[in-house]
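Structure file final27.cif with mmCIF, C-alpha atoms:
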```cif
data_my_file
loop_
_atom_site.label_atom_id
_atom_site.label_comp_id
_atom_site.auth_asym_id
_atom_site.auth_seq_id
_atom_site.Cartn_x
_atom_site.Cartn_y
_atom_site.Cartn_z
CA MET L 1 20.16 10.73 -19.02
CA PRO L 2 20.92 13.64 -16.67
CA ASP L 3 20.09 13.27 -12.98
CA ARG L 4 17.49 16.02 -12.73
CA TYR L 5 16.53 15.28 -9.10
CA ASP L 6 18.78 16.56 -6.34
CA LEU L 7 18.09 13.64 -4.02
CA PRO L 8 20.31 12.51 -1.12
CA ALA L 9 23.16 10.10 -1.80
CA GLY L 10 21.55 7.34 0.26
CA PHE L 11 18.13 7.69 -1.34
CA ARG L 12 16.69 4.25 -2.09
CA TRP L 13 14.95 3.32 -5.33
CA GLY L 14 12.43 0.52 -5.48
CA ALA L 15 9.30 -0.97 -6.99
CA ALA L 16 6.29 -2.55 -5.30
CA THR L 17 3.80 -5.38 -5.79
CA ALA L 18 1.34 -7.39 -3.66
CA ALA L 19 0.81 -11.12 -3.26
CA TYR L 20 -2.75 -11.62 -4.50
CA GLN L 21 -2.17 -9.25 -7.38
CA ILE L 22 0.78 -11.14 -8.89
CA GLU L 23 1.44 -14.56 -7.33
CA GLY L 24 -1.32 -16.78 -8.69
CA ALA L 25 -0.99 -20.44 -7.62
CA VAL L 26 -3.92 -19.92 -5.26
CA ALA L 27 -4.53 -23.64 -4.75
CA GLU L 28 -0.93 -24.88 -4.83
CA ASP L 29 1.44 -26.12 -2.13
CA GLY L 30 -1.04 -25.93 0.70
CA ARG L 31 -2.15 -22.30 0.37
CA GLY L 32 -5.53 -21.67 2.00
CA PRO L 33 -8.25 -19.45 0.51
CA SER L 34 -8.26 -15.73 1.22
CA VAL L 35 -11.12 -13.26 1.18
CA TRP L 36 -10.08 -12.21 -2.31
CA ASP L 37 -10.46 -15.75 -3.64
CA THR L 38 -13.98 -15.81 -2.24
CA PHE L 39 -14.89 -12.28 -3.35
CA ALA L 40 -13.56 -12.70 -6.90
CA ALA L 41 -15.67 -15.83 -7.30
CA ARG L 42 -18.88 -13.84 -6.74
CA PRO L 43 -20.65 -13.03 -10.01
CA GLY L 44 -20.25 -9.33 -10.77
CA ALA L 45 -17.85 -8.59 -7.91
CA VAL L 46 -14.83 -8.07 -10.17
CA ARG L 47 -14.95 -6.49 -13.60
CA ASP L 48 -15.18 -9.03 -16.43
CA GLY L 49 -15.16 -11.89 -13.91
CA HIS L 50 -11.38 -11.73 -13.53
CA THR L 51 -9.65 -13.39 -10.56
CA GLY L 52 -6.15 -13.61 -9.15
CA ALA L 53 -6.04 -17.39 -9.57
CA VAL L 54 -3.13 -17.06 -12.02
CA ALA L 55 -2.48 -13.29 -12.11
CA CYS L 56 1.18 -12.81 -13.20
CA ASP L 57 2.12 -16.38 -12.19
CA HIS L 58 4.88 -14.82 -10.08
CA TYR L 59 4.86 -17.88 -7.82
CA HIS L 60 6.50 -19.82 -10.66
CA ARG L 61 8.17 -16.91 -12.50
CA TYR L 62 9.76 -14.99 -9.63
CA SER L 63 13.27 -15.58 -11.01
CA GLU L 64 12.28 -13.89 -14.28
CA ASP L 65 10.75 -11.01 -12.35
CA ILE L 66 13.83 -10.58 -10.16
CA ALA L 67 15.91 -10.39 -13.33
CA LEU L 68 13.69 -7.49 -14.41
CA MET L 69 14.26 -5.82 -11.04
CA LYS L 70 18.01 -6.29 -11.35
CA GLY L 71 17.85 -4.79 -14.82
CA LEU L 72 16.29 -1.69 -13.30
CA GLY L 73 19.06 -1.44 -10.73
CA LEU L 74 16.63 -1.39 -7.81
CA ASP L 75 17.88 -0.95 -4.27
CA GLY L 76 14.74 -2.54 -2.82
CA TYR L 77 11.67 -4.53 -3.69
CA ARG L 78 8.46 -4.19 -1.74
CA PHE L 79 6.23 -7.25 -1.87
CA SER L 80 3.61 -8.75 0.40
CA ILE L 81 3.41 -12.14 2.06
CA ALA L 82 0.18 -14.08 1.60
CA TRP L 83 -0.98 -14.85 5.14
CA SER L 84 -2.98 -17.89 3.96
CA ARG L 85 0.07 -19.30 2.14
CA VAL L 86 1.92 -19.39 5.46
CA LEU L 87 -1.00 -20.20 7.77
CA PRO L 88 -3.77 -21.66 5.57
CA ALA L 89 -6.43 -21.23 8.27
CA GLY L 90 -5.04 -17.93 9.50
CA SER L 91 -3.80 -19.62 12.68
CA GLY L 92 -2.76 -23.08 13.74
CA PRO L 93 -0.38 -25.29 11.72
CA VAL L 94 2.25 -23.59 9.58
CA ASN L 95 2.46 -24.54 5.90
CA PRO L 96 6.15 -25.35 5.28
CA ALA L 97 5.81 -25.02 1.50
CA GLY L 98 4.43 -21.52 1.85
CA LEU L 99 7.29 -20.35 4.02
CA ALA L 100 9.74 -22.04 1.67
CA PHE L 101 8.50 -19.92 -1.23
CA TYR L 102 9.29 -16.69 0.62
CA ASP L 103 12.64 -18.18 1.68
CA ARG L 104 13.50 -18.71 -1.97
CA LEU L 105 12.24 -15.25 -2.93
CA VAL L 106 14.26 -13.48 -0.23
CA ASP L 107 17.43 -15.40 -1.04
CA ALA L 108 17.07 -14.70 -4.75
CA LEU L 109 16.53 -10.98 -4.11
CA LEU L 110 19.61 -10.78 -1.90
CA GLU L 111 21.67 -12.64 -4.48
CA ALA L 112 20.60 -10.00 -7.01
CA GLY L 113 21.68 -7.21 -4.64
CA ILE L 114 18.10 -6.14 -3.89
CA THR L 115 16.88 -5.55 -0.32
CA PRO L 116 13.54 -7.23 0.44
CA LEU L 117 10.87 -5.03 2.04
CA PRO L 118 7.95 -7.32 2.95
CA THR L 119 4.45 -6.23 3.85
CA LEU L 120 2.70 -8.63 6.21
CA PHE L 121 -0.87 -7.73 5.23
CA HIS L 122 -2.01 -6.40 1.87
CA TRP L 123 -5.78 -7.04 2.10
CA ASP L 124 -5.79 -10.85 1.61
CA LEU L 125 -7.10 -12.02 4.98
CA PRO L 126 -7.41 -15.81 5.28
CA GLN L 127 -11.03 -16.73 4.63
CA ALA L 128 -11.14 -18.83 7.79
CA LEU L 129 -10.55 -15.69 9.87
CA GLU L 130 -13.16 -13.75 7.92
CA ASP L 131 -15.61 -16.53 8.66
CA GLY L 132 -15.01 -15.75 12.33
CA GLY L 133 -15.68 -12.03 11.87
CA GLY L 134 -12.54 -10.86 10.09
CA TRP L 135 -11.21 -7.49 11.16
CA LEU L 136 -14.47 -6.80 12.98
CA ASN L 137 -13.34 -9.45 15.48
CA ARG L 138 -10.71 -8.27 17.94
CA GLU L 139 -9.14 -11.73 18.01
CA THR L 140 -7.93 -11.25 14.43
CA ALA L 141 -5.38 -8.72 15.72
CA TYR L 142 -3.86 -11.38 17.98
CA ARG L 143 -3.82 -13.94 15.18
CA PHE L 144 -1.95 -11.37 13.09
CA ALA L 145 0.70 -11.06 15.79
CA ASP L 146 1.07 -14.86 15.83
CA TYR L 147 1.48 -14.85 12.04
CA ALA L 148 4.06 -12.04 12.24
CA ALA L 149 6.06 -14.10 14.73
CA VAL L 150 6.13 -17.11 12.40
CA VAL L 151 7.36 -15.10 9.45
CA ALA L 152 9.89 -13.04 11.43
CA ASP L 153 11.37 -16.18 12.96
CA ARG L 154 11.92 -17.59 9.48
CA LEU L 155 13.03 -14.53 7.50
CA GLY L 156 14.16 -11.97 10.08
CA ASP L 157 17.82 -12.98 9.84
CA ARG L 158 17.88 -11.67 6.24
CA VAL L 159 15.15 -9.02 6.18
CA PRO L 160 15.96 -5.93 8.25
CA ALA L 161 12.77 -3.86 7.82
CA TRP L 162 9.09 -4.79 7.64
CA ILE L 163 5.78 -3.14 6.82
CA THR L 164 2.93 -4.38 8.98
CA LEU L 165 -0.17 -3.18 7.09
CA ASN L 166 -0.88 -1.76 3.67
CA GLU L 167 -3.52 0.95 3.37
CA PRO L 168 -5.81 0.16 6.29
CA PHE L 169 -7.97 3.10 5.18
CA VAL L 170 -8.71 1.59 1.78
CA HIS L 171 -9.24 -1.90 3.18
CA THR L 172 -11.63 -0.61 5.85
CA VAL L 173 -13.65 1.63 3.56
CA PHE L 174 -13.77 -0.45 0.39
CA GLY L 175 -13.84 -3.85 2.09
CA TYR L 176 -16.03 -3.26 5.13
CA ALA L 177 -17.85 0.08 4.69
CA LEU L 178 -18.78 0.10 0.98
CA GLY L 179 -18.37 -3.54 0.01
CA THR L 180 -16.66 -2.87 -3.32
CA HIS L 181 -13.58 -4.87 -2.28
CA ALA L 182 -13.20 -8.12 -0.37
CA PRO L 183 -14.71 -9.18 1.97
CA GLY L 184 -17.61 -7.24 0.46
CA ARG L 185 -19.37 -5.93 3.57
CA ALA L 186 -21.35 -2.68 3.36
CA LEU L 187 -21.50 -1.39 6.96
CA MET L 188 -20.71 2.30 6.40
CA PHE L 189 -19.35 3.86 9.61
CA GLU L 190 -20.08 0.72 11.61
CA ALA L 191 -17.10 -0.74 9.72
CA LEU L 192 -14.71 1.39 11.79
CA PRO L 193 -13.99 -1.33 14.39
CA ALA L 194 -12.13 -2.99 11.50
CA ALA L 195 -9.87 0.06 11.38
CA HIS L 196 -9.16 -0.11 15.10
CA HIS L 197 -8.44 -3.84 15.04
CA GLN L 198 -6.01 -3.40 12.15
CA LEU L 199 -4.19 -0.72 14.10
CA LEU L 200 -4.17 -2.94 17.18
CA ALA L 201 -2.71 -5.71 15.02
CA HIS L 202 -0.02 -3.30 13.87
CA GLY L 203 0.89 -2.39 17.45
CA LEU L 204 1.09 -6.01 18.58
CA ALA L 205 3.18 -7.05 15.59
CA ALA L 206 5.43 -3.98 15.82
CA SER L 207 6.33 -4.83 19.42
CA LEU L 208 7.20 -8.36 18.41
CA LEU L 209 9.27 -7.28 15.40
CA HIS L 210 11.20 -4.82 17.54
CA GLU L 211 11.97 -7.65 19.95
CA HIS L 212 13.59 -9.40 16.98
CA GLY L 213 15.73 -6.30 16.36
CA LEU L 214 13.83 -5.45 13.18
CA GLU L 215 12.66 -2.07 11.87
CA VAL L 216 8.93 -1.46 11.48
CA MET L 217 6.89 0.68 9.11
CA LEU L 218 3.19 1.09 8.37
CA SER L 219 2.04 2.17 4.91
CA ASN L 220 -1.17 4.05 4.35
CA ASN L 221 -2.79 5.73 1.40
CA LEU L 222 -2.59 9.40 2.36
CA THR L 223 -4.09 12.24 0.36
CA LEU L 224 -3.91 16.01 0.36
CA VAL L 225 -7.41 17.08 1.35
CA GLU L 226 -8.49 20.50 0.15
CA PRO L 227 -11.88 22.26 0.48
CA ALA L 228 -13.64 22.99 -2.78
CA THR L 229 -14.11 26.67 -1.86
CA SER L 230 -13.12 29.05 0.91
CA SER L 231 -16.49 28.68 2.64
CA ALA L 232 -16.65 27.60 6.29
CA GLU L 233 -18.95 24.72 5.28
CA ASP L 234 -16.47 23.30 2.79
CA ALA L 235 -13.63 23.74 5.29
CA ALA L 236 -15.57 21.76 7.90
CA ALA L 237 -16.31 19.02 5.37
CA ALA L 238 -12.65 18.83 4.39
CA ALA L 239 -11.59 18.58 8.04
CA ALA L 240 -14.05 15.72 8.60
CA TYR L 241 -12.75 13.85 5.57
CA ASP L 242 -9.12 14.43 6.54
CA ALA L 243 -9.81 12.95 9.98
CA LEU L 244 -11.28 9.84 8.35
CA HIS L 245 -8.85 9.28 5.49
CA ASN L 246 -5.55 10.45 6.96
CA ARG L 247 -5.57 11.06 10.68
CA LEU L 248 -7.62 8.03 11.79
CA PHE L 249 -4.69 5.83 10.76
CA THR L 250 -1.78 8.15 11.59
CA ASP L 251 -2.67 9.94 14.83
CA PRO L 252 -2.93 6.76 16.96
CA VAL L 253 0.43 5.46 15.75
CA LEU L 254 2.33 8.75 15.98
CA LEU L 255 0.47 10.64 18.73
CA GLY L 256 -1.17 7.89 20.78
CA ARG L 257 -4.74 9.11 20.30
CA TYR L 258 -7.54 9.09 17.77
CA PRO L 259 -8.64 12.30 16.09
CA ASP L 260 -12.03 13.79 16.88
CA LEU L 261 -14.51 11.82 14.76
CA SER L 262 -17.66 13.43 16.15
CA ALA L 263 -18.40 15.18 12.83
CA LEU L 264 -18.80 11.69 11.37
CA GLY L 265 -21.13 10.60 14.15
CA VAL L 266 -18.50 8.19 15.48
CA PRO L 267 -18.14 7.90 19.28
CA ASP L 268 -14.76 8.12 20.99
CA ASP L 269 -14.68 4.37 21.60
CA ILE L 270 -15.38 3.68 17.90
CA PHE L 271 -18.57 1.73 18.55
CA GLY L 272 -17.13 -0.09 21.54
CA ALA L 273 -13.98 -1.35 19.78
CA VAL L 274 -11.46 0.73 21.76
CA ARG L 275 -10.61 -0.75 25.15
CA PRO L 276 -8.46 0.75 27.93
CA GLY L 277 -4.79 0.46 27.00
CA ASP L 278 -5.40 -0.06 23.29
CA THR L 279 -3.96 3.26 22.18
CA ASP L 280 -0.80 2.54 24.18
CA LEU L 281 -0.50 -0.81 22.43
CA ILE L 282 -0.82 0.94 19.08
CA HIS L 283 1.47 3.88 19.87
CA THR L 284 4.15 2.57 22.22
CA PRO L 285 6.16 0.37 19.80
CA GLY L 286 6.87 3.43 17.67
CA LEU L 287 7.61 3.55 13.97
CA ASP L 288 11.04 3.44 12.38
CA GLY L 289 9.52 4.85 9.22
CA LEU L 290 6.18 5.93 7.80
CA GLY L 291 5.19 4.45 4.46
CA LEU L 292 3.33 6.90 2.22
CA ASN L 293 1.25 5.65 -0.68
CA PHE L 294 0.27 8.64 -2.80
CA TYR L 295 -1.69 8.80 -6.04
CA ASN L 296 -3.83 11.95 -6.05
CA PRO L 297 -5.28 14.74 -3.91
CA THR L 298 -8.93 14.88 -2.80
CA ARG L 299 -11.23 17.87 -3.17
CA VAL L 300 -14.07 18.02 -0.65
CA ALA L 301 -17.26 20.06 -0.44
CA ALA L 302 -20.09 20.32 2.04
CA PRO L 303 -22.82 17.79 1.24
CA THR L 304 -25.39 19.03 -1.22
CA THR L 305 -28.14 16.88 0.26
CA PRO L 306 -28.56 15.75 3.86
CA GLY L 307 -27.35 12.21 4.45
CA LEU L 308 -25.01 9.97 6.34
CA LEU L 309 -21.80 11.55 5.05
CA PRO L 310 -20.83 15.06 6.17
CA PHE L 311 -18.89 15.67 2.96
CA ASP L 312 -19.04 15.28 -0.82
CA LEU L 313 -15.99 14.25 -2.83
CA VAL L 314 -15.82 16.36 -5.99
CA ASP L 315 -13.70 16.16 -9.11
CA ILE L 316 -10.70 18.36 -9.91
CA PRO L 317 -11.67 19.15 -13.53
CA GLU L 318 -8.74 21.44 -14.25
CA ALA L 319 -6.24 18.59 -13.71
CA PRO L 320 -5.34 15.91 -16.25
CA HIS L 321 -6.55 12.42 -15.28
CA THR L 322 -5.03 8.94 -15.44
CA ALA L 323 -6.63 5.99 -17.24
CA PHE L 324 -8.24 5.19 -13.88
CA GLY L 325 -9.82 8.65 -13.82
CA TRP L 326 -7.66 9.93 -10.96
CA PRO L 327 -6.58 13.60 -11.08
CA VAL L 328 -2.87 14.23 -11.59
CA VAL L 329 -1.64 17.05 -9.33
CA PRO L 330 2.06 16.40 -8.58
CA ASP L 331 2.54 19.39 -6.29
CA ALA L 332 -0.08 17.87 -3.99
CA LEU L 333 2.59 15.34 -2.97
CA ARG L 334 4.93 18.16 -1.94
CA GLN L 335 2.16 19.93 -0.03
CA LEU L 336 1.13 16.72 1.71
CA LEU L 337 4.69 16.02 2.84
CA LEU L 338 5.04 19.53 4.23
CA ARG L 339 1.68 19.22 5.96
CA LEU L 340 2.74 15.95 7.62
CA ARG L 341 5.98 17.53 8.80
CA ASP L 342 4.27 20.60 10.20
CA PHE L 343 1.40 18.73 11.87
CA TYR L 344 3.33 15.88 13.48
CA GLY L 345 6.63 17.64 14.12
CA LYS L 346 9.14 15.54 16.03
CA ALA L 347 6.67 12.63 16.18
CA LEU L 348 7.03 12.11 12.42
CA PRO L 349 9.59 9.40 11.57
CA PRO L 350 11.48 9.29 8.27
CA ILE L 351 9.14 8.77 5.33
CA THR L 352 9.43 6.31 2.46
CA VAL L 353 7.12 6.66 -0.52
CA THR L 354 6.02 3.03 -0.70
CA GLU L 355 3.66 3.46 -3.66
CA ASN L 356 3.31 6.04 -6.41
CA GLY L 357 2.34 5.49 -10.03
CA CYS L 358 -0.49 5.58 -12.55
CA SER L 359 -2.45 3.38 -14.92
CA VAL L 360 -2.19 3.71 -18.70
CA ASP L 361 -4.09 2.18 -21.61
CA GLU L 362 -3.86 -1.60 -21.79
CA SER L 363 -1.42 -2.27 -24.60
CA THR L 364 0.67 0.89 -24.41
CA ILE L 365 4.42 0.15 -24.49
CA PRO L 366 5.68 3.72 -25.20
CA ASP L 367 3.91 4.95 -22.04
CA GLN L 368 4.84 8.62 -22.00
CA PRO L 369 1.92 9.54 -19.69
CA ARG L 370 3.44 7.32 -16.99
CA ILE L 371 6.89 8.80 -17.49
CA ASP L 372 5.39 12.28 -17.17
CA TYR L 373 3.51 11.24 -14.02
CA LEU L 374 6.58 9.75 -12.35
CA ALA L 375 8.86 12.62 -13.39
CA THR L 376 6.59 15.36 -12.09
CA HIS L 377 5.94 13.54 -8.80
CA LEU L 378 9.67 13.01 -8.29
CA ASP L 379 10.16 16.72 -8.95
CA ALA L 380 7.64 17.45 -6.20
CA LEU L 381 9.30 14.92 -3.89
CA ALA L 382 12.75 16.41 -4.44
CA THR L 383 11.37 19.87 -3.68
CA ALA L 384 9.84 18.65 -0.42
CA ILE L 385 13.17 17.11 0.60
CA ALA L 386 14.91 20.41 -0.21
CA GLU L 387 12.34 22.11 2.03
CA GLY L 388 13.31 19.89 4.95
CA VAL L 389 11.11 16.78 4.81
CA ASP L 390 13.03 13.58 5.64
CA VAL L 391 12.18 11.17 2.81
CA ARG L 392 14.46 8.15 2.47
CA GLY L 393 13.20 6.30 -0.59
CA TYR L 394 10.72 5.87 -3.42
CA TYR L 395 8.98 2.66 -4.53
CA THR L 396 6.95 3.00 -7.69
CA TRP L 397 3.70 1.09 -8.18
CA SER L 398 4.10 -1.19 -9.89
CA LEU L 399 6.82 -3.42 -11.28
CA LEU L 400 4.27 -5.43 -13.29
CA ASP L 401 0.79 -5.05 -14.67
CA ASN L 402 -1.31 -7.08 -12.26
CA PHE L 403 -4.74 -7.97 -10.91
CA GLU L 404 -6.03 -4.53 -9.97
CA TRP L 405 -8.60 -5.63 -7.39
CA ALA L 406 -12.21 -4.92 -8.40
CA GLU L 407 -10.98 -3.67 -11.81
CA GLY L 408 -9.47 -7.06 -12.63
CA PHE L 409 -6.86 -6.78 -15.36
CA ASN L 410 -8.36 -3.59 -16.79
CA GLN L 411 -6.03 -1.07 -15.16
CA ARG L 412 -2.34 -1.25 -16.04
CA PHE L 413 0.15 0.19 -13.55
CA GLY L 414 3.28 -1.74 -14.55
CA LEU L 415 6.66 -0.57 -15.72
CA VAL L 416 6.49 -3.99 -17.39
CA HIS L 417 3.55 -4.94 -19.61
CA VAL L 418 2.15 -8.42 -18.94
CA ASP L 419 0.23 -10.40 -21.55
CA PHE L 420 -2.00 -12.36 -19.18
CA ALA L 421 -2.78 -14.99 -21.84
CA THR L 422 0.88 -15.90 -22.41
CA GLN L 423 2.55 -14.38 -19.30
CA ARG L 424 5.02 -12.65 -21.60
CA ARG L 425 6.71 -9.67 -19.93
CA THR L 426 7.58 -6.64 -22.07
CA PRO L 427 9.35 -3.69 -20.45
CA ARG L 428 7.69 -0.39 -21.27
CA ALA L 429 9.40 2.90 -22.06
CA SER L 430 8.93 3.85 -18.41
CA TYR L 431 11.05 0.85 -17.41
CA ALA L 432 14.00 2.20 -19.42
CA TRP L 433 13.36 5.71 -18.11
CA TYR L 434 13.36 4.55 -14.48
CA ARG L 435 16.46 2.40 -15.05
CA ASP L 436 18.37 5.33 -16.51
CA LEU L 437 17.20 7.65 -13.74
CA ILE L 438 18.47 5.28 -11.05
CA ALA L 439 21.79 4.84 -12.86
CA ALA L 440 22.25 8.60 -13.21
CA HIS L 441 21.55 9.19 -9.52
CA ARG L 442 24.04 6.50 -8.54
CA ALA L 443 26.68 7.95 -10.85
CA ARG L 444 26.23 11.40 -9.36
CA CYS L 445 26.52 10.04 -5.84
CA GLY L 446 29.44 7.76 -6.59
CA ARG L 447 27.50 4.62 -5.71
#
```
Would you mind writing the file's structure down as structure tokens?
Amino acid sequence: MPDRYDLPAGFRWGAATAAYQIEGAVAEDGRGPSVWDTFAARPGAVRDGHTGAVACDHYHRYSEDIALMKGLGLDGYRFSIAWSRVLPAGSGPVNPAGLAFYDRLVDALLEAGITPLPTLFHWDLPQALEDGGGWLNRETAYRFADYAAVVADRLGDRVPAWITLNEPFVHTVFGYALGTHAPGRALMFEALPAAHHQLLAHGLAASLLHEHGLEVMLSNNLTLVEPATSSAEDAAAAAAYDALHNRLFTDPVLLGRYPDLSALGVPDDIFGAVRPGDTDLIHTPGLDGLGLNFYNPTRVAAPTTPGLLPFDLVDIPEAPHTAFGWPVVPDALRQLLLRLRDFYGKALPPITVTENGCSVDESTIPDQPRIDYLATHLDALATAIAEGVDVRGYYTWSLLDNFEWAEGFNQRFGLVHVDFATQRRTPRASYAWYRDLIAAHRARCGR
């Protein structure tokens, strides 16, 4: 196929997954329970009662999955490490069998010519730490740094770059504010100390990883926020939502300060969570790269009825929608990248798109809607690069169909279809499309 995207020669192609969504083996080899094990066991918490107890059985089938990655010609594979597989209680004794699994995974990836890109935390907090307050407890940030040290000591000789956190916005809002994800708390804005403690954990771990000579990234779900109309009220609502969704998790890391959250009724100290010196701990280590997870833009209007939230999220009816019901607006990715560049200026490090993809109907193998989604978003990405945004790579979500959190196995994001009854993997049409795209780019660049 022709290489339609004028991307740099060193541009890196990858795919992404997460531990609880694919590994399974939740009670094997000394792994401790995580908040997702507990949450999924609650009646009605996850659609159809699904759990990640087996998921894609990647713990036993990782060699098969790496062969699929090699078949794609990936430069890199982004995965997450299950904290409770390494430290079953979140702190204390290390589980040798858990570390050994990630040893085997890293070595097998390198043997296949694929660079590992691990994420230290992708929402699966050890249940023992949640029992002590979870991310609402400041001490969890320090336990995270201890965990990062254990993993970096074991794998850092072979893994050059690390992601500390995945989507702290989503974990804070869905897990602690709304309760629709694990750990299932519904605290609304009083959940925001969990955001601060995650960012503190990032800063502590980033300092430690830098001491090991390793590169550090943080990945967040960022969205292009647009007001529903040109009215001043909708503009104010959009600004308030942008501060919550995007800037709350980016300003402290890149600028060393929190955005103004007064429109949300949140005090400067985020309900007493921010202590003197905290923003320096978050900001000072610096980022070697910013991970951008992008799926769709967000349209915001002024609230129609008085309430706790100073904004309403409204649909984008003129856009097509994915099987998940998310609007598909590819140019929003280009606009978001330009907005990040213009707002943060020299403080913005190189960007890697660490997630981008869409769900399709369950059994679809000729998944043209996914191909269209990926193609149009890569068009937008290439345009942003041509307009001066420094983007170094693209990791599609996801390699495999997997346990899609509160949706269970009902949303399919994989380039590879998984029959969860038999664990049979079947590459979709998008798998072949992505493989050919990567090969064409390499041929053009002489790689």
Given only C-alpha atoms as the basis, pick out the residue of L:Ala186, L:Val225, L:Leu337, L:Ala128 nearest to Leu381 in chain L. L:Leu337
Nearest to Thr352 in chain L by atom-to-atom distance, counting all atoms listed in the file, from L:Glu387, L:Asp6, L:Asp288, L:Glu318: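 Looking at the shortest contact to Thr352 in chain L, the residue is L:Asp288.
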Once the PyMOL selection byres ((chain L and resi 194) around 9) has been evaluated on this model, what residues remain selected, and can you format them as a ChimeraX atom specification? /L:134-138,168,171-172,176,190-193,195-199,273
Next, the residues of the selection above should be written as a PDB file, in the frame of the given file with C-alpha atoms.
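The resulting selection-v2.pdb:
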```pdb
ATOM      1  CA  GLY L 134     -12.540 -10.860  10.090  1.00  0.00           C
ATOM      2  CA  TRP L 135     -11.210  -7.490  11.160  1.00  0.00           C
ATOM      3  CA  LEU L 136     -14.470  -6.800  12.980  1.00  0.00           C
ATOM      4  CA  ASN L 137     -13.340  -9.450  15.480  1.00  0.00           C
ATOM      5  CA  ARG L 138     -10.710  -8.270  17.940  1.00  0.00           C
ATOM      6  CA  PRO L 168      -5.810   0.160   6.290  1.00  0.00           C
ATOM      7  CA  HIS L 171      -9.240  -1.900   3.180  1.00  0.00           C
ATOM      8  CA  THR L 172     -11.630  -0.610   5.850  1.00  0.00           C
ATOM      9  CA  TYR L 176     -16.030  -3.260   5.130  1.00  0.00           C
ATOM     10  CA  GLU L 190     -20.080   0.720  11.610  1.00  0.00           C
ATOM     11  CA  ALA L 191     -17.100  -0.740   9.720  1.00  0.00           C
ATOM     12  CA  LEU L 192     -14.710   1.390  11.790  1.00  0.00           C
ATOM     13  CA  PRO L 193     -13.990  -1.330  14.390  1.00  0.00           C
ATOM     14  CA  ALA L 195      -9.870   0.060  11.380  1.00  0.00           C
ATOM     15  CA  HIS L 196      -9.160  -0.110  15.100  1.00  0.00           C
ATOM     16  CA  HIS L 197      -8.440  -3.840  15.040  1.00  0.00           C
ATOM     17  CA  GLN L 198      -6.010  -3.400  12.150  1.00  0.00           C
ATOM     18  CA  LEU L 199      -4.190  -0.720  14.100  1.00  0.00           C
ATOM     19  CA  ALA L 273     -13.980  -1.350  19.780  1.00  0.00           C
TER      20      ALA L 273
END
```
Name the residues that the PyMOL selection byres ((chain L and resi 67) around 12) picks from the file above, as a short mmCIF file (atom, residue, chain, number, x, y, z; two decimals) with C-alpha atoms, in the coordinates of the input, using the file's chain letters and numbers.
```cif
data_model
loop_
_atom_site.label_atom_id
_atom_site.label_comp_id
_atom_site.auth_asym_id
_atom_site.auth_seq_id
_atom_site.Cartn_x
_atom_site.Cartn_y
_atom_site.Cartn_z
CA ARG L 61 8.17 -16.91 -12.50
CA TYR L 62 9.76 -14.99 -9.63
CA SER L 63 13.27 -15.58 -11.01
CA GLU L 64 12.28 -13.89 -14.28
CA ASP L 65 10.75 -11.01 -12.35
CA ILE L 66 13.83 -10.58 -10.16
CA LEU L 68 13.69 -7.49 -14.41
CA MET L 69 14.26 -5.82 -11.04
CA LYS L 70 18.01 -6.29 -11.35
CA GLY L 71 17.85 -4.79 -14.82
CA LEU L 72 16.29 -1.69 -13.30
CA GLY L 73 19.06 -1.44 -10.73
CA LEU L 74 16.63 -1.39 -7.81
CA ALA L 108 17.07 -14.70 -4.75
CA LEU L 109 16.53 -10.98 -4.11
CA GLU L 111 21.67 -12.64 -4.48
CA ALA L 112 20.60 -10.00 -7.01
CA GLY L 113 21.68 -7.21 -4.64
CA ILE L 114 18.10 -6.14 -3.89
CA LEU L 399 6.82 -3.42 -11.28
CA ARG L 425 6.71 -9.67 -19.93
CA PRO L 427 9.35 -3.69 -20.45
#
```
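Counting all atoms listed in the file and comparing L:Ala406, L:Val159, L:Val54, L:Ile22, the residue that lies closest to Thr115 in chain L is L:Val159.
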For CA of Leu281 in chain L and CA of Gly203 in chain L, quote the distance in Å rounded to one decimal. 5.4 Å
In terms of the shortest atom-to-atom distance over all atoms listed in the file, which of L:Val416, L:Ala384, L:Tyr147, L:Pro369 is closest to Ser398 in chain L? L:Val416
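One distance worth recording is that between CA of Leu224 in chain L and CA of Pro306 in chain L, which is 24.9 Å.
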Would you kindly translate the PyMOL selection byres ((chain L and resi 91) around 9) into the concrete residues it picks from this file, as JSON, numbers by chain? {"L": [84, 87, 88, 89, 90, 92, 93, 94, 128, 129, 143, 144, 146, 147]}
Take the point (-7.4, 2.0, 3.5) in the file's coordinates, draw a sphere of radius 12 Å around it, and report as a ChimeraX atom specification every protein, DNA or RNA residue with an atom inside or on it, counting only C-alpha atoms. /L:121-123,165-178,181,191-192,194-196,198-199,218-223,244-250,292-294
Residue among L:Ile351, L:Asp103, L:Leu155, L:Asp280 lying closest to Val391 in chain L, counting only C-alpha atoms: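 Checking each of L:Ile351, L:Asp103, L:Leu155, L:Asp280 against Val391 in chain L, counting only C-alpha atoms, the winner is L:Ile351.
If you look at CA of Gly132 in chain L and CA of Thr17 in chain L, they are 28.1 Å away from each other.
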Restricting the calculation to only C-alpha atoms: of L:Val329, L:Ser231, L:Met188, L:Leu200, which residue gets closest to Val266 in chain L?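 Closest candidate: L:Met188.
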Tell me which residues come within 12 Å of (-15.0, -10.5, -11.5), as an MDAnalysis selection string, counting all atoms listed in the file in the file's coordinates. chainID L and resid 36:53 180:182 403:410
Box for range 250-263 of chain L: with edges along x, y and z, all listed atoms inside and 5 Å added on each side, what are the centre and edge lengths in Å to one decimal, as JSON?
```
{"center_x": -8.0, "center_y": 10.3, "center_z": 16.2, "size_x": 30.7, "size_y": 19.7, "size_z": 19.2}
```
